[in-house]
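Structure file final32.txt; described as compact mmCIF, C-alpha atoms.
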```
# COMPACT_ATOMS: atom_id res chain seq x y z
CA ASN A 1 -9.71 -50.19 -16.18
CA ALA A 2 -8.86 -53.79 -17.00
CA GLY A 3 -12.37 -54.91 -16.03
CA VAL A 4 -12.62 -58.58 -15.04
CA THR A 5 -9.50 -60.64 -15.61
CA GLN A 6 -9.16 -64.40 -15.40
CA THR A 7 -6.08 -66.60 -15.36
CA PRO A 8 -5.14 -68.97 -16.83
CA LYS A 9 -6.92 -68.96 -20.19
CA PHE A 10 -6.36 -72.65 -20.73
CA GLN A 11 -5.51 -75.48 -18.33
CA VAL A 12 -5.20 -79.24 -18.57
CA LEU A 13 -5.30 -81.26 -15.36
CA LYS A 14 -5.13 -84.90 -14.48
CA THR A 15 -7.84 -86.46 -12.35
CA GLY A 16 -7.17 -85.78 -8.69
CA GLN A 17 -5.01 -82.72 -9.18
CA SER A 18 -5.89 -79.46 -7.53
CA MET A 19 -5.74 -75.96 -8.90
CA THR A 20 -7.04 -72.44 -8.43
CA LEU A 21 -8.69 -70.35 -11.11
CA GLN A 22 -7.97 -66.70 -10.52
CA CYS A 23 -10.45 -63.86 -10.96
CA ALA A 24 -9.84 -60.19 -10.29
CA GLN A 25 -11.77 -56.99 -10.96
CA ASP A 26 -10.69 -53.38 -10.65
CA MET A 27 -14.14 -51.75 -10.63
CA ASN A 28 -14.71 -51.94 -6.86
CA HIS A 29 -17.69 -54.23 -7.40
CA GLU A 30 -19.20 -55.89 -4.36
CA TYR A 31 -20.90 -58.79 -6.17
CA MET A 32 -18.83 -61.49 -7.83
CA SER A 33 -19.76 -64.89 -9.16
CA TRP A 34 -18.41 -67.99 -10.85
CA TYR A 35 -20.20 -69.88 -13.63
CA ARG A 36 -19.44 -72.92 -15.69
CA GLN A 37 -20.59 -73.21 -19.28
CA ASP A 38 -21.28 -76.59 -20.81
CA PRO A 39 -22.89 -77.35 -24.21
CA GLY A 40 -26.67 -77.45 -23.93
CA MET A 41 -26.56 -76.48 -20.25
CA GLY A 42 -26.07 -72.77 -20.54
CA LEU A 43 -24.34 -71.04 -17.65
CA ARG A 44 -24.68 -72.60 -14.23
CA LEU A 45 -23.86 -70.67 -11.08
CA ILE A 46 -21.18 -72.32 -8.93
CA HIS A 47 -20.61 -69.83 -6.10
CA TYR A 48 -21.17 -66.16 -5.56
CA SER A 49 -20.17 -63.42 -3.14
CA VAL A 50 -21.98 -60.24 -2.10
CA GLY A 51 -18.87 -58.72 -0.55
CA ALA A 52 -15.53 -59.41 1.05
CA GLY A 53 -15.81 -62.22 3.59
CA ILE A 54 -19.24 -63.36 2.35
CA THR A 55 -19.78 -66.26 -0.04
CA ASP A 56 -22.69 -68.54 -0.85
CA GLN A 57 -23.45 -71.57 -2.98
CA GLY A 58 -25.03 -71.48 -6.39
CA GLU A 59 -26.62 -74.27 -8.42
CA VAL A 60 -23.59 -76.57 -8.75
CA PRO A 61 -21.18 -75.96 -5.85
CA ASN A 62 -19.96 -79.52 -5.26
CA GLY A 63 -16.25 -79.98 -5.90
CA TYR A 64 -15.49 -76.26 -5.76
CA ASN A 65 -14.42 -73.91 -2.97
CA VAL A 66 -14.25 -70.13 -2.94
CA SER A 67 -13.11 -67.38 -0.63
CA ARG A 68 -13.33 -63.60 -0.79
CA SER A 69 -10.65 -61.99 1.31
CA THR A 70 -10.61 -58.75 -0.69
CA THR A 71 -13.12 -56.87 -2.81
CA GLU A 72 -10.95 -57.34 -5.90
CA ASP A 73 -10.25 -61.08 -5.90
CA PHE A 74 -12.50 -64.12 -6.02
CA PRO A 75 -10.52 -67.33 -6.65
CA LEU A 76 -12.17 -70.66 -7.42
CA ARG A 77 -10.48 -73.79 -6.09
CA LEU A 78 -10.79 -77.31 -7.41
CA LEU A 79 -9.52 -79.56 -4.62
CA SER A 80 -9.52 -82.84 -6.55
CA ALA A 81 -10.29 -82.41 -10.22
CA ALA A 82 -12.66 -84.82 -11.97
CA PRO A 83 -13.42 -85.25 -15.70
CA SER A 84 -16.94 -83.94 -15.00
CA GLN A 85 -15.35 -80.58 -14.22
CA THR A 86 -14.14 -80.19 -17.80
CA SER A 87 -15.82 -76.95 -18.82
CA VAL A 88 -15.37 -73.28 -19.58
CA TYR A 89 -15.39 -71.19 -16.43
CA PHE A 90 -16.50 -67.57 -16.31
CA CYS A 91 -16.12 -65.07 -13.53
CA ALA A 92 -18.41 -62.04 -13.38
CA SER A 93 -18.81 -58.95 -11.23
CA SER A 94 -21.35 -56.18 -10.69
CA PRO A 95 -21.74 -53.26 -8.28
CA PHE A 96 -24.67 -54.96 -6.52
CA PRO A 97 -26.52 -58.26 -6.88
CA PRO A 98 -28.19 -58.16 -10.32
CA GLY A 99 -31.40 -56.13 -10.16
CA THR A 100 -30.63 -54.39 -6.89
CA SER A 101 -30.94 -50.60 -6.99
CA GLY A 102 -32.12 -50.82 -10.58
CA ARG A 103 -28.76 -52.06 -11.78
CA GLY A 104 -28.50 -55.14 -13.88
CA GLU A 105 -25.29 -55.48 -15.73
CA GLN A 106 -22.75 -58.11 -14.79
CA PHE A 107 -19.30 -57.79 -16.33
CA PHE A 108 -17.84 -61.08 -17.46
CA GLY A 109 -14.24 -62.14 -17.76
CA PRO A 110 -12.88 -63.84 -20.90
CA GLY A 111 -13.14 -67.33 -19.42
CA THR A 112 -10.86 -70.24 -18.53
CA ARG A 113 -11.08 -73.41 -20.59
CA LEU A 114 -10.36 -76.36 -18.29
CA THR A 115 -9.84 -79.94 -19.38
CA VAL A 116 -9.56 -82.74 -16.84
CA LEU A 117 -8.14 -86.00 -18.17
CA ALA B 1 -37.09 -72.10 -6.76
CA GLN B 2 -36.36 -69.94 -9.75
CA SER B 3 -35.80 -71.23 -13.25
CA VAL B 4 -35.63 -69.99 -16.80
CA ALA B 5 -36.27 -71.79 -20.08
CA GLN B 6 -35.19 -70.99 -23.61
CA PRO B 7 -37.21 -73.45 -25.68
CA GLU B 8 -35.27 -73.04 -28.93
CA ASP B 9 -31.68 -74.22 -29.25
CA GLN B 10 -31.33 -72.36 -32.54
CA VAL B 11 -33.16 -69.63 -34.41
CA ASN B 12 -32.48 -68.96 -38.08
CA VAL B 13 -33.52 -65.65 -39.66
CA ALA B 14 -32.80 -63.93 -42.94
CA GLU B 15 -31.05 -60.57 -42.76
CA GLY B 16 -33.53 -57.71 -42.65
CA ASN B 17 -36.32 -59.82 -41.18
CA PRO B 18 -37.59 -59.42 -37.61
CA LEU B 19 -36.25 -61.82 -35.04
CA THR B 20 -37.58 -63.22 -31.77
CA VAL B 21 -35.68 -65.27 -29.20
CA LYS B 22 -37.99 -66.79 -26.62
CA CYS B 23 -37.60 -66.91 -22.84
CA THR B 24 -39.96 -68.03 -20.11
CA TYR B 25 -39.29 -67.94 -16.40
CA SER B 26 -40.53 -69.23 -13.08
CA VAL B 27 -40.07 -67.45 -9.76
CA SER B 28 -42.03 -67.46 -6.54
CA GLY B 29 -42.19 -63.68 -6.43
CA ASN B 30 -41.57 -60.97 -9.01
CA PRO B 31 -38.60 -61.26 -11.31
CA TYR B 32 -35.62 -59.29 -12.37
CA LEU B 33 -34.96 -60.35 -15.98
CA PHE B 34 -31.88 -59.99 -18.17
CA TRP B 35 -30.60 -60.77 -21.65
CA TYR B 36 -26.95 -61.34 -22.47
CA VAL B 37 -25.14 -62.08 -25.73
CA GLN B 38 -22.01 -64.16 -26.24
CA TYR B 39 -19.82 -63.92 -29.32
CA PRO B 40 -17.40 -66.78 -30.13
CA ASN B 41 -14.60 -67.26 -27.60
CA ARG B 42 -15.75 -64.28 -25.54
CA GLY B 43 -17.43 -63.67 -22.22
CA LEU B 44 -21.05 -62.60 -22.02
CA GLN B 45 -22.12 -59.04 -22.71
CA PHE B 46 -25.15 -57.37 -21.17
CA LEU B 47 -27.98 -56.41 -23.58
CA LEU B 48 -30.90 -55.27 -21.45
CA LYS B 49 -32.82 -55.74 -18.24
CA TYR B 50 -36.31 -55.54 -16.80
CA ILE B 51 -36.40 -54.28 -13.24
CA THR B 52 -39.72 -52.47 -12.97
CA GLY B 53 -41.88 -50.03 -14.91
CA ASP B 54 -42.57 -50.26 -18.64
CA ASN B 55 -43.03 -53.77 -19.92
CA LEU B 56 -41.16 -52.96 -23.14
CA VAL B 57 -37.47 -52.60 -22.47
CA LYS B 58 -34.97 -51.26 -25.01
CA GLY B 59 -31.33 -52.28 -24.94
CA SER B 60 -28.10 -52.32 -26.86
CA TYR B 61 -27.68 -52.87 -30.63
CA GLY B 62 -31.36 -52.19 -31.37
CA PHE B 63 -32.66 -55.09 -29.28
CA GLU B 64 -35.77 -54.89 -27.15
CA ALA B 65 -37.69 -57.28 -24.91
CA GLU B 66 -41.23 -57.40 -23.62
CA PHE B 67 -42.04 -58.48 -20.09
CA ASN B 68 -45.34 -60.39 -20.00
CA LYS B 69 -46.29 -61.27 -16.44
CA SER B 70 -49.37 -63.33 -17.33
CA GLN B 71 -47.37 -65.52 -19.70
CA THR B 72 -44.21 -65.37 -17.56
CA SER B 73 -42.21 -64.51 -20.65
CA PHE B 74 -39.45 -62.09 -21.60
CA HIS B 75 -38.88 -62.58 -25.34
CA LEU B 76 -36.02 -60.77 -27.06
CA LYS B 77 -36.86 -59.00 -30.31
CA LYS B 78 -35.32 -56.92 -33.05
CA PRO B 79 -37.24 -55.40 -35.97
CA SER B 80 -34.54 -55.97 -38.59
CA ALA B 81 -31.81 -58.59 -38.13
CA LEU B 82 -28.18 -58.07 -39.10
CA VAL B 83 -25.63 -60.76 -39.94
CA SER B 84 -23.56 -59.37 -37.08
CA ASP B 85 -26.35 -60.33 -34.65
CA SER B 86 -25.35 -63.98 -35.09
CA ALA B 87 -24.32 -65.14 -31.62
CA LEU B 88 -25.43 -67.10 -28.57
CA TYR B 89 -28.12 -65.41 -26.48
CA PHE B 90 -28.87 -66.06 -22.82
CA CYS B 91 -31.88 -65.11 -20.75
CA ALA B 92 -31.46 -64.85 -16.96
CA VAL B 93 -33.74 -64.35 -13.97
CA ARG B 94 -33.46 -63.41 -10.34
CA ASP B 95 -36.31 -63.56 -7.84
CA ARG B 96 -36.42 -60.04 -6.42
CA TYR B 97 -37.85 -61.19 -3.11
CA SER B 98 -35.45 -64.03 -2.52
CA SER B 99 -32.95 -63.57 0.26
CA ALA B 100 -30.37 -65.28 -1.91
CA SER B 101 -28.76 -63.17 -4.58
CA LYS B 102 -28.71 -65.89 -7.19
CA ILE B 103 -29.17 -65.19 -10.87
CA ILE B 104 -30.07 -68.20 -12.99
CA PHE B 105 -29.30 -68.42 -16.71
CA GLY B 106 -31.11 -70.31 -19.42
CA SER B 107 -29.45 -72.85 -21.67
CA GLY B 108 -28.93 -70.36 -24.46
CA THR B 109 -30.27 -69.90 -28.00
CA ARG B 110 -27.97 -69.75 -30.97
CA LEU B 111 -29.12 -67.05 -33.39
CA SER B 112 -28.00 -67.42 -36.99
CA ILE B 113 -28.66 -64.61 -39.45
CA ARG B 114 -28.20 -65.54 -43.11
CA PRO B 115 -27.32 -62.86 -45.68
```
The structure given in the file should be rewritten as structure tokens.
Amino acid sequence: NAGVTQTPKFQVLKTGQSMTLQCAQDMNHEYMSWYRQDPGMGLRLIHYSVGAGITDQGEVPNGYNVSRSTTEDFPLRLLSAAPSQTSVYFCASSPFPPGTSGRGEQFFGPGTRLTVL
Amino acid sequence: AQSVAQPEDQVNVAEGNPLTVKCTYSVSGNPYLFWYVQYPNRGLQFLLKYITGDNLVKGSYGFEAEFNKSQTSFHLKKPSALVSDSALYFCAVRDRYSSASKIIFGSGTRLSIRP
């Protein structure tokens, strides 16, 4: 299994450009989520999904869109990039929402480092 | 609303000494609690969880954590630190009775183990 994969690893955008960060998992996990990591802020939840066709907002959803058309893929879209979106983005997946059915572990991808100029 | 706090940005410990990384939480109901570790330029890795049952939870790499409901804490501990334990540690919480499946992470604590 490849686990959770993210592309690209690095990206530089200009203000106002759009792009999609890709996330895929091959573990048949229902729960997937996107986080951003900023110094001193820890990980903040952007959006999450409990299954194909179902998404919901996290702590910092503004400026980001998601969709979940398949179990495997959970892309994150930046419609009009802003310098405040410069960050490292992590995608994660787990069989169920963390804690449900006694399970806890989320599997994280390697991250995408995004810079918006 | 749920929240989690890690009051120390950095913890410095000598190799062989016990270590503690602190975490306190706030939820309206009962919590699910987690610890993750992040090594440089890597994604997070799961260490341990508290779901229910024994308050002392054992996890990977010799780490353990104690759930204290009265103090709303879930501190991470290890009896004898290794240099290889140096990393960034995150505590996370989910309100088990919330209809939303959100998990909230703390700001992280950088653990530095000196030889």
Item to check | Residues within 6 Å of (-27.1, -72.7, -18.9), counting only C-alpha atoms, listed as JSON, numbers by chain | outcome: {"A": [41, 42, 43, 44], "B": [105, 106, 107]}
Item to check | chain B contacts to chain A at 9 Å (all atoms listed in the file) as a PyMOL selection string | outcome: chain B and resi 9+31-34+41-52+90+94+96+100-108
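Neighbours of Glu72 (chain A) closer than or equal to 9 Å, with only C-alpha atoms counted and sequence neighbours fewer than 6 positions away skipped, come out as Cys23, Ala24, Gln25, Asp26, Met27, Asn28, His29, Glu30 and Ala52 of chain A.
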Checklist entry - For Pro40 (chain B), which of B:Leu88, B:Leu19, B:Ala81, B:Val13 is the closest residue, counting only C-alpha atoms? => result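 Smallest separation from Pro40 (chain B) among the options: B:Leu88.
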Item to check | Nearest candidate to Ser80 (chain A) (options A:Gln6, A:Asn65, A:Gln22, A:Gln17; using only C-alpha atoms) | outcome: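 Looking only at the distances to Ser80 (chain A), the closest residue turns out to be A:Gln17.
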Where's the centre, and what are the edge lengths in Å to one decimal, of a box along x, y and z enclosing all listed atoms of region 9-16 of chain B padded 6 Å per side, as lines of an AutoDock Vina configuration file?
```
center_x = -32.3
center_y = -66.0
center_z = -36.1
size_x = 14.5
size_y = 28.5
size_z = 25.7
```
Checklist entry - Out of A:Leu13, A:Val66, A:Met19, A:Val60, which residue has the shortest atom-to-atom distance to Leu78 (chain A) when counting all atoms listed in the file? => result A:Met19
Item to check | For CA of Val57 (chain B) and CA of Arg114 (chain B), the interatomic separation in Å (one decimal) | outcome: 26.1 Å
Next on the checklist: As an exercise, work out the distance from CA of Gln6 (chain B) to CA of Tyr36 (chain B) in Å and give it to one decimal place.
Outcome noted: 12.7 Å
Next on the checklist: Need to verify the contact set: Gly16 (chain A), 8 Å, only C-alpha atoms, exclusion of same-chain residues closer than 2 positions in sequence. Can you return it as a list in words?
Outcome noted: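 So the residues in contact are Lys14, Ser18, Leu79, Ser80, Ala81 and Ala82 of chain A.
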Checklist entry - Excluding same-chain residues fewer than 2 positions from Thr20 (chain B), what lies within 9 Å of it counting all atoms listed in the file, as a list in words? => result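 The neighbour list is Val11, Pro18, Lys22, His75, Leu76, Lys77, Lys78 and Pro79 of chain B.
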Item to check | For CA of Tyr89 (chain B) and CA of Thr109 (chain B), the interatomic separation in Å (one decimal) | outcome: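 CA of Thr109 (chain B) lies 5.2 Å from CA of Tyr89 (chain B).
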Checklist outcome for this item: Using only C-alpha atoms, the residue out of B:Val83, B:Leu56, B:Cys23, B:Ile113 with shortest distance to Trp35 (chain B) is B:Cys23
Using the block above, I'd like region 72-85 of chain B written out, keeping all heavy atoms and formatting it as a PDB file, in the first residue's frame.
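decode.pdb, freshly written:
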```
ATOM      1  N   THR B  72      -8.709  17.710  33.525  1.00  0.00           N
ATOM      2  CA  THR B  72      -8.847  17.793  32.058  1.00  0.00           C
ATOM      3  C   THR B  72      -7.481  17.803  31.389  1.00  0.00           C
ATOM      4  O   THR B  72      -7.159  18.683  30.572  1.00  0.00           O
ATOM      5  CB  THR B  72      -9.683  19.019  31.614  1.00  0.00           C
ATOM      6  OG1 THR B  72      -9.031  20.222  32.037  1.00  0.00           O
ATOM      7  CG2 THR B  72     -11.075  18.966  32.191  1.00  0.00           C
ATOM      8  N   SER B  73      -6.667  16.806  31.735  1.00  0.00           N
ATOM      9  CA  SER B  73      -5.322  16.738  31.187  1.00  0.00           C
ATOM     10  C   SER B  73      -5.046  15.370  30.582  1.00  0.00           C
ATOM     11  O   SER B  73      -5.707  14.365  30.915  1.00  0.00           O
ATOM     12  CB  SER B  73      -4.287  17.046  32.264  1.00  0.00           C
ATOM     13  OG  SER B  73      -4.277  16.033  33.249  1.00  0.00           O
ATOM     14  N   PHE B  74      -4.071  15.345  29.714  1.00  0.00           N
ATOM     15  CA  PHE B  74      -3.648  14.102  29.043  1.00  0.00           C
ATOM     16  C   PHE B  74      -2.165  14.252  28.742  1.00  0.00           C
ATOM     17  O   PHE B  74      -1.738  14.337  27.599  1.00  0.00           O
ATOM     18  CB  PHE B  74      -4.470  13.882  27.777  1.00  0.00           C
ATOM     19  CG  PHE B  74      -4.301  12.524  27.136  1.00  0.00           C
ATOM     20  CD1 PHE B  74      -4.546  11.361  27.847  1.00  0.00           C
ATOM     21  CD2 PHE B  74      -3.935  12.410  25.799  1.00  0.00           C
ATOM     22  CE1 PHE B  74      -4.413  10.120  27.252  1.00  0.00           C
ATOM     23  CE2 PHE B  74      -3.799  11.166  25.191  1.00  0.00           C
ATOM     24  CZ  PHE B  74      -4.034  10.025  25.923  1.00  0.00           C
ATOM     25  N   HIS B  75      -1.336  14.252  29.783  1.00  0.00           N
ATOM     26  CA  HIS B  75       0.095  14.490  29.633  1.00  0.00           C
ATOM     27  C   HIS B  75       0.811  13.254  29.073  1.00  0.00           C
ATOM     28  O   HIS B  75       0.533  12.131  29.494  1.00  0.00           O
ATOM     29  CB  HIS B  75       0.728  14.869  30.973  1.00  0.00           C
ATOM     30  CG  HIS B  75       0.127  16.096  31.592  1.00  0.00           C
ATOM     31  ND1 HIS B  75      -0.419  17.127  30.850  1.00  0.00           N
ATOM     32  CD2 HIS B  75      -0.007  16.455  32.902  1.00  0.00           C
ATOM     33  CE1 HIS B  75      -0.862  18.076  31.646  1.00  0.00           C
ATOM     34  NE2 HIS B  75      -0.636  17.695  32.909  1.00  0.00           N
ATOM     35  N   LEU B  76       1.739  13.496  28.188  1.00  0.00           N
ATOM     36  CA  LEU B  76       2.551  12.440  27.584  1.00  0.00           C
ATOM     37  C   LEU B  76       3.811  12.246  28.420  1.00  0.00           C
ATOM     38  O   LEU B  76       4.457  13.230  28.806  1.00  0.00           O
ATOM     39  CB  LEU B  76       2.926  12.839  26.149  1.00  0.00           C
ATOM     40  CG  LEU B  76       3.737  11.839  25.341  1.00  0.00           C
ATOM     41  CD1 LEU B  76       2.887  10.623  24.985  1.00  0.00           C
ATOM     42  CD2 LEU B  76       4.281  12.489  24.072  1.00  0.00           C
ATOM     43  N   LYS B  77       4.173  10.980  28.664  1.00  0.00           N
ATOM     44  CA  LYS B  77       5.315  10.699  29.525  1.00  0.00           C
ATOM     45  C   LYS B  77       6.157   9.573  28.949  1.00  0.00           C
ATOM     46  O   LYS B  77       5.664   8.734  28.187  1.00  0.00           O
ATOM     47  CB  LYS B  77       4.845  10.328  30.932  1.00  0.00           C
ATOM     48  CG  LYS B  77       4.045  11.421  31.614  1.00  0.00           C
ATOM     49  CD  LYS B  77       3.639  11.023  33.027  1.00  0.00           C
ATOM     50  CE  LYS B  77       2.858  12.149  33.687  1.00  0.00           C
ATOM     51  NZ  LYS B  77       2.516  11.843  35.094  1.00  0.00           N
ATOM     52  N   LYS B  78       7.428   9.581  29.371  1.00  0.00           N
ATOM     53  CA  LYS B  78       8.325   8.476  29.060  1.00  0.00           C
ATOM     54  C   LYS B  78       9.327   8.382  30.193  1.00  0.00           C
ATOM     55  O   LYS B  78       9.899   9.403  30.605  1.00  0.00           O
ATOM     56  CB  LYS B  78       9.025   8.681  27.712  1.00  0.00           C
ATOM     57  CG  LYS B  78       9.831   7.481  27.267  1.00  0.00           C
ATOM     58  CD  LYS B  78      10.359   7.673  25.842  1.00  0.00           C
ATOM     59  CE  LYS B  78      11.104   6.426  25.391  1.00  0.00           C
ATOM     60  NZ  LYS B  78      11.649   6.555  24.021  1.00  0.00           N
ATOM     61  N   PRO B  79       9.576   7.187  30.726  1.00  0.00           N
ATOM     62  CA  PRO B  79      10.439   7.065  31.901  1.00  0.00           C
ATOM     63  C   PRO B  79      11.894   7.432  31.640  1.00  0.00           C
ATOM     64  O   PRO B  79      12.568   7.961  32.520  1.00  0.00           O
ATOM     65  CB  PRO B  79      10.316   5.585  32.279  1.00  0.00           C
ATOM     66  CG  PRO B  79       9.090   5.106  31.603  1.00  0.00           C
ATOM     67  CD  PRO B  79       8.938   5.919  30.370  1.00  0.00           C
ATOM     68  N   SER B  80      12.385   7.173  30.429  1.00  0.00           N
ATOM     69  CA  SER B  80      13.791   7.399  30.122  1.00  0.00           C
ATOM     70  C   SER B  80      13.911   7.908  28.688  1.00  0.00           C
ATOM     71  O   SER B  80      13.683   7.166  27.737  1.00  0.00           O
ATOM     72  CB  SER B  80      14.582   6.104  30.308  1.00  0.00           C
ATOM     73  OG  SER B  80      15.946   6.303  30.001  1.00  0.00           O
ATOM     74  N   ALA B  81      14.284   9.174  28.535  1.00  0.00           N
ATOM     75  CA  ALA B  81      14.298   9.802  27.205  1.00  0.00           C
ATOM     76  C   ALA B  81      15.497   9.340  26.378  1.00  0.00           C
ATOM     77  O   ALA B  81      16.598   9.086  26.907  1.00  0.00           O
ATOM     78  CB  ALA B  81      14.337  11.319  27.357  1.00  0.00           C
ATOM     79  N   LEU B  82      15.279   9.281  25.079  1.00  0.00           N
ATOM     80  CA  LEU B  82      16.331   8.987  24.110  1.00  0.00           C
ATOM     81  C   LEU B  82      16.532  10.200  23.210  1.00  0.00           C
ATOM     82  O   LEU B  82      15.581  10.953  22.941  1.00  0.00           O
ATOM     83  CB  LEU B  82      15.940   7.785  23.239  1.00  0.00           C
ATOM     84  CG  LEU B  82      15.683   6.464  23.945  1.00  0.00           C
ATOM     85  CD1 LEU B  82      15.135   5.436  22.947  1.00  0.00           C
ATOM     86  CD2 LEU B  82      16.962   5.947  24.598  1.00  0.00           C
ATOM     87  N   VAL B  83      17.759  10.362  22.702  1.00  0.00           N
ATOM     88  CA  VAL B  83      18.016  11.465  21.773  1.00  0.00           C
ATOM     89  C   VAL B  83      17.072  11.375  20.571  1.00  0.00           C
ATOM     90  O   VAL B  83      16.602  12.391  20.048  1.00  0.00           O
ATOM     91  CB  VAL B  83      19.488  11.464  21.317  1.00  0.00           C
ATOM     92  CG1 VAL B  83      19.717  12.484  20.219  1.00  0.00           C
ATOM     93  CG2 VAL B  83      20.414  11.747  22.506  1.00  0.00           C
ATOM     94  N   SER B  84      16.765  10.155  20.160  1.00  0.00           N
ATOM     95  CA  SER B  84      15.889   9.947  19.006  1.00  0.00           C
ATOM     96  C   SER B  84      14.442  10.352  19.269  1.00  0.00           C
ATOM     97  O   SER B  84      13.632  10.401  18.333  1.00  0.00           O
ATOM     98  CB  SER B  84      15.936   8.485  18.558  1.00  0.00           C
ATOM     99  OG  SER B  84      15.560   7.637  19.624  1.00  0.00           O
ATOM    100  N   ASP B  85      14.098  10.661  20.522  1.00  0.00           N
ATOM    101  CA  ASP B  85      12.746  11.158  20.829  1.00  0.00           C
ATOM    102  C   ASP B  85      12.588  12.627  20.462  1.00  0.00           C
ATOM    103  O   ASP B  85      11.475  13.166  20.509  1.00  0.00           O
ATOM    104  CB  ASP B  85      12.436  10.983  22.318  1.00  0.00           C
ATOM    105  CG  ASP B  85      12.331   9.535  22.738  1.00  0.00           C
ATOM    106  OD1 ASP B  85      11.924   8.704  21.903  1.00  0.00           O
ATOM    107  OD2 ASP B  85      12.654   9.230  23.900  1.00  0.00           O
TER     108      ASP B  85
END
```
